[in-house]
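Trainee: Below: one structure in structure tokens.
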Amino acid sequence: MEDVVFLLLCVSSAAAQLCAPDASNGYKVRLSILAALGDEAYLWNDSEMFLFRAALAFAMRTADGQNYDVSNVLVCDETPRVSFWFVVTSPLNPTQLVERRQVEEAVRKSRNRINSAFLLTDKTLEFLGIPPTLAAPAPPSPPPWLIVFGVVMGAAGAGIVLVLVTSVMQKRRKKKEEQTGIDEVEEESRAEENGTASDGVYNLSFSDNDRLTQM
Amino acid sequence: MDTPGSAEQMQDDEPKDIAERPKWDNKVQYLLTCIGFAVGLGNVWRFPYLCQTYGGGAFLIPYAIALVFEGLPLLHMELAIGQRLRMGSIGVWNSISPYMGGLGVASLAVSFLVGLFYNMILAWILWYFFHSFQSPLPWRDCPINLNHTGYVSECEKGSAVNYFWYRETLNITPNIETSGSFQWWLVLCLATAWCLVYICFIRGIETIGKAIYVTVTFPYLVLTIFLIRSLTLPGATDGLIYLFTPDWETLKNPDVWLDASTQIFFSLSLAFGGLIAFSSYNVQKNDCERDALIVGLVNSFTSIYASIPIFAILGFKANENFNKCRNWNILRLTNSFNIGDENITLENYDDWFNYFNNTDPSEVESLNLKTCNLQTFLDESASGTGLAFIVFTEAVIHMPGSQVWAVLFFIMLFSLGLSSMFGNLEGVLTPLLDLNIIPAWIPKEVFTGLICLTSFTVALIFTLGSGNYWLGIFNNYVGSMPLLIIAFFEIISVVYIYGINRFNDDIEWMTGRRPNIFWQATWRFISPLMLLVVFVAYVVVEAEKRPTYNAWNPDYVNFPLADVQHYPEWVYTICVLLSVLPIVSIPLVAFYRFMGFLKKYIMNRNNPNPYQNE
């Protein structure tokens, strides 16, 4: 019994030595559950911690291929902020830590899965030292502003053509009216030139209707 | 000397005039067009800034005084002479006195030059309008750099809104000597702007009169919507208090009076010749005094009405930034001392801060917490393009339904600018038509098209990388001093050369009553004196300092602060030319006419004509 207790103590102290704040191969994690979820926030307890360690083990498995287990993820320095440090030990040798860069790669690869396990985002589940890969910009085909521009320009062009066409037609109509108007005025003036027609009654027998009578 | 005949003679010529000259469909059209010309972008983005800078409510006093003693008399005079003499600016001044014909040419030149850069501003507004149909708005986020590790450094150091304006819209060069190339997207927007202007302007006042029903009333609708929305935003009251709290001390500063006078002057769009052109299409028996009062008062009312939603929204923005600043501090404290998140709130922040400061002052010191002051954020106001494209766009991001507000805002700005453009272009078109220099076989549509095409081509300089700097030059040097000079000579010509008594008779004939003592006093003495004082003060203030401009230089040491640079010599020469060339026509034409008069006089002396009765 004492041996078991002694062994446990040894292991935990070894674990404590492996995982410490500012560990060279460890990362600090910070969660902002209340900020992210507000009323639907869950309480951070040991089960949630277990989920985190499992998620991280999953990430390491996906990146590495080796059989990482929950016990390979050591956590320490938990604070009420909900922040803690973690290190990852190699499944082949529990006393050896996995390199920082490998952990970073694994986290980067499965960042989305880890985030969704906790209903959090890159901003509310922070791995200090692992900047989130920013979303690639959307392909601009065609850029939306050109579409709006095309619509407005097309409407403007159509408007210009419409106004020009209507003004041309108006001018033609006016010219035709003027032409007939001039003819009428000419006719009247010719009739009046025949004498003092303005004084008396206009005598039809003297009107100039050569135009109408064909000879 | 050919002076216009008496009123009775003009009456005989009337039927011929009415048959040839286009006219307004109704009085409302005419009033709306004048209001649209006067109410422009300046009412929205210059007046609120001046109001806030010069002590809020106290600014209304010099503004009102300038309106009553400078703005309204000049406005009444321009509308009266245009209506009486029924010609554009060149014809009017030629009629009053051939020696003053240069005034008309000067007005035409200024109208043309102002129209160039004003439409560039409309092109920028269109660009932002086109981009308002995206979600999220493109000026909300910084673009990501090439290797996807972070944001573009120029954007991070400045802000996303600044980056979108200076880099993605203008693609601005670090200084005015570097011209850069033509920005094709700006050329497209400028072409669109000119096409839209052309549609409305194509047949002169016939088409303008139809367009203004929409372009003049729509901004008021949008302003009302914004007013209602902005008053419900948090922080709106802070902005309004900041705007209207009177600081009576500022009244002692002469700059306030100078700025109030120049603001009322440019706001009413006097001396452009546009108002003369518009009133020349009126029937002669029209109450121009009442029209002048309506236009002047509506213009001022619009300025004050527009400043309420603008400052409510600026107060909202300042509030947002203030909270962001404080939340940043809260996060720093939370992360550093590892207490539960959301334990520190905006309300109990001070308690927590004091607690930590007492227990671990060195740690708190190392955090470099920001000092968040609402006043500092409220002071971050701007005028001109800075207000519309930087400050306001940032505010719009935070409002729910950003796209709707952005679209509404930019359509409103475009309508405001479009109706002012009509005045500018009419100030160019009407005098040219009256001069009869275009042959009769060229239809009016083609002529207006030529004007638009020429303006578009010359305005391409504003689409260069350094275009914004050139626009600032045009704005400061063309749209300011020449107008003051023109207005001064206008009022002197009418009062002392045409004769105030004859002018009074004309107005009595047109409106049915003689102008009262107020108009007499202001026309004869007060307004010319005020204009002279303002002009001299303006020149003195401007000549004191060597002109500088704010450059956007990413390599500047204190970037994102503006890199204040002096104009190089050749640019300064251009500035002076821009101020002088429009008004040089005044003495030139007078000199030319005087030469003609001298020649005739000498010829008559040497060869007396026995048949001449004189």
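Identifiers in this document derive from the order of the structure tokens: chains are assigned A, B, ..., residues are numbered from 1 separately in each chain, and ligands are numbered from 1 in order of occurrence.
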Taking only C-alpha atoms into account, report as a ChimeraX atom specification which residues of chain B lie within 10 Å of chain A.

Mentor: /B:126-134,143-151,185,188-189,191-200,202-203,207,334-343,443,445-446

Trainee: Could you give me, as number ranges by chain, the residues within 7 Å of Cys288 of chain B, counting only C-alpha atoms and dropping anything in the same chain fewer than 6 positions from it?

Mentor: B: 76, 79-80, 511

Trainee: Export, as a PDB file, in the first residue's frame, the selected residues with all heavy atoms.

Mentor:
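What follows is the written file again26.pdb:
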```pdb
ATOM      1  N   HIS B  76     -30.442  88.004 -52.181  1.00  0.00           N
ATOM      2  CA  HIS B  76     -31.553  88.773 -52.730  1.00  0.00           C
ATOM      3  C   HIS B  76     -31.103  89.519 -53.979  1.00  0.00           C
ATOM      4  O   HIS B  76     -31.784  89.558 -55.000  1.00  0.00           O
ATOM      5  CB  HIS B  76     -32.063  89.755 -51.657  1.00  0.00           C
ATOM      6  CG  HIS B  76     -33.289  90.499 -52.072  1.00  0.00           C
ATOM      7  ND1 HIS B  76     -33.759  91.586 -51.381  1.00  0.00           N
ATOM      8  CD2 HIS B  76     -34.154  90.324 -53.097  1.00  0.00           C
ATOM      9  CE1 HIS B  76     -34.854  92.037 -51.958  1.00  0.00           C
ATOM     10  NE2 HIS B  76     -35.114  91.293 -52.997  1.00  0.00           N
ATOM     11  N   LEU B  79     -30.544  87.055 -57.033  1.00  0.00           N
ATOM     12  CA  LEU B  79     -31.812  86.599 -57.592  1.00  0.00           C
ATOM     13  C   LEU B  79     -32.521  87.736 -58.317  1.00  0.00           C
ATOM     14  O   LEU B  79     -33.123  87.548 -59.380  1.00  0.00           O
ATOM     15  CB  LEU B  79     -32.711  86.044 -56.477  1.00  0.00           C
ATOM     16  CG  LEU B  79     -32.240  84.745 -55.820  1.00  0.00           C
ATOM     17  CD1 LEU B  79     -33.239  84.296 -54.772  1.00  0.00           C
ATOM     18  CD2 LEU B  79     -32.067  83.654 -56.851  1.00  0.00           C
ATOM     19  N   ALA B  80     -32.436  88.953 -57.769  1.00  0.00           N
ATOM     20  CA  ALA B  80     -33.139  90.080 -58.371  1.00  0.00           C
ATOM     21  C   ALA B  80     -32.549  90.434 -59.733  1.00  0.00           C
ATOM     22  O   ALA B  80     -33.288  90.626 -60.707  1.00  0.00           O
ATOM     23  CB  ALA B  80     -33.099  91.282 -57.431  1.00  0.00           C
ATOM     24  N   THR B 511     -41.693  93.138 -57.822  1.00  0.00           N
ATOM     25  CA  THR B 511     -42.390  92.537 -56.676  1.00  0.00           C
ATOM     26  C   THR B 511     -43.574  93.361 -56.225  1.00  0.00           C
ATOM     27  O   THR B 511     -44.409  92.874 -55.487  1.00  0.00           O
ATOM     28  CB  THR B 511     -41.444  92.392 -55.471  1.00  0.00           C
ATOM     29  OG1 THR B 511     -41.109  93.715 -55.023  1.00  0.00           O
ATOM     30  CG2 THR B 511     -40.194  91.666 -55.844  1.00  0.00           C
TER      31      THR B 511
END
```

Trainee: Set the distance at 12 Å and use only C-alpha atoms: which residues neighbour Ser116 of chain A once local chain neighbours fewer than 5 positions away are removed? I'd like the list as a ChimeraX atom specification.

Mentor: /A:51-52,55,110-111,121-122,124-125

Trainee: Could you save the residues just selected, with N, CA, C and O atoms, as a PDB file, in the first residue's frame?

Mentor:
```pdb
ATOM      1  N   LEU A  51     -12.149  16.625 -20.945  1.00  0.00           N
ATOM      2  CA  LEU A  51     -12.475  16.785 -22.361  1.00  0.00           C
ATOM      3  C   LEU A  51     -11.337  17.503 -23.092  1.00  0.00           C
ATOM      4  O   LEU A  51     -10.965  17.146 -24.213  1.00  0.00           O
ATOM      5  N   PHE A  52     -10.777  18.503 -22.418  1.00  0.00           N
ATOM      6  CA  PHE A  52      -9.696  19.253 -23.063  1.00  0.00           C
ATOM      7  C   PHE A  52      -8.504  18.322 -23.325  1.00  0.00           C
ATOM      8  O   PHE A  52      -7.917  18.328 -24.410  1.00  0.00           O
ATOM      9  N   ALA A  55      -9.265  16.098 -26.121  1.00  0.00           N
ATOM     10  CA  ALA A  55      -9.238  16.779 -27.414  1.00  0.00           C
ATOM     11  C   ALA A  55      -7.802  16.994 -27.869  1.00  0.00           C
ATOM     12  O   ALA A  55      -7.471  16.856 -29.052  1.00  0.00           O
ATOM     13  N   SER A 110      -5.765  20.944 -35.846  1.00  0.00           N
ATOM     14  CA  SER A 110      -7.094  20.571 -35.355  1.00  0.00           C
ATOM     15  C   SER A 110      -7.742  21.673 -34.555  1.00  0.00           C
ATOM     16  O   SER A 110      -8.626  21.405 -33.719  1.00  0.00           O
ATOM     17  N   ARG A 111      -7.304  22.886 -34.775  1.00  0.00           N
ATOM     18  CA  ARG A 111      -7.813  24.004 -33.964  1.00  0.00           C
ATOM     19  C   ARG A 111      -9.326  24.098 -34.011  1.00  0.00           C
ATOM     20  O   ARG A 111      -9.984  24.320 -32.995  1.00  0.00           O
ATOM     21  N   THR A 121     -14.390  30.059 -29.810  1.00  0.00           N
ATOM     22  CA  THR A 121     -13.764  30.485 -31.068  1.00  0.00           C
ATOM     23  C   THR A 121     -12.276  30.698 -30.835  1.00  0.00           C
ATOM     24  O   THR A 121     -11.785  30.572 -29.714  1.00  0.00           O
ATOM     25  N   ASP A 122     -11.593  31.089 -31.906  1.00  0.00           N
ATOM     26  CA  ASP A 122     -10.157  31.358 -31.787  1.00  0.00           C
ATOM     27  C   ASP A 122      -9.876  32.433 -30.757  1.00  0.00           C
ATOM     28  O   ASP A 122      -8.833  32.432 -30.098  1.00  0.00           O
ATOM     29  N   THR A 124     -11.812  33.209 -28.042  1.00  0.00           N
ATOM     30  CA  THR A 124     -12.169  32.900 -26.658  1.00  0.00           C
ATOM     31  C   THR A 124     -11.460  31.664 -26.129  1.00  0.00           C
ATOM     32  O   THR A 124     -11.469  31.414 -24.937  1.00  0.00           O
ATOM     33  N   LEU A 125     -10.870  30.861 -27.003  1.00  0.00           N
ATOM     34  CA  LEU A 125     -10.035  29.753 -26.553  1.00  0.00           C
ATOM     35  C   LEU A 125      -8.640  30.025 -27.089  1.00  0.00           C
ATOM     36  O   LEU A 125      -8.333  29.731 -28.241  1.00  0.00           O
TER      37      LEU A 125
END
```

Trainee: I'd like the neighbourhood of Tyr68 of chain A as a list in words, where a residue qualifies if any of its atoms comes within 6 Å (using only C-alpha atoms), though same-chain residues fewer than 6 positions away should be ignored.

Mentor: Ala57, Arg61 and Pro91 of chain A

Trainee: Please compute the atom CA of Ala406 of chain B-atom CA of Thr33 of chain B distance, one decimal, in Å.

Mentor: 26.0 Å

Trainee: Considering only C-alpha atoms, return as a ChimeraX atom specification whatever protein or nucleic-acid residues lie within 12 Å of Trp552 of chain B, sequence-local ones (same chain, fewer than 3 positions apart) excluded.

Mentor: /B:154,158,162-163,165-167,170-176,465-466,468-469,549,555-565

Trainee: Using only C-alpha atoms, find the one residue out of B:Pro400, B:Gly88, B:Gly417, B:Gly315 that sits nearest to Gly239 of chain B.

Mentor: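 For Gly239 of chain B, the nearest of the given residues is B:Gly315.
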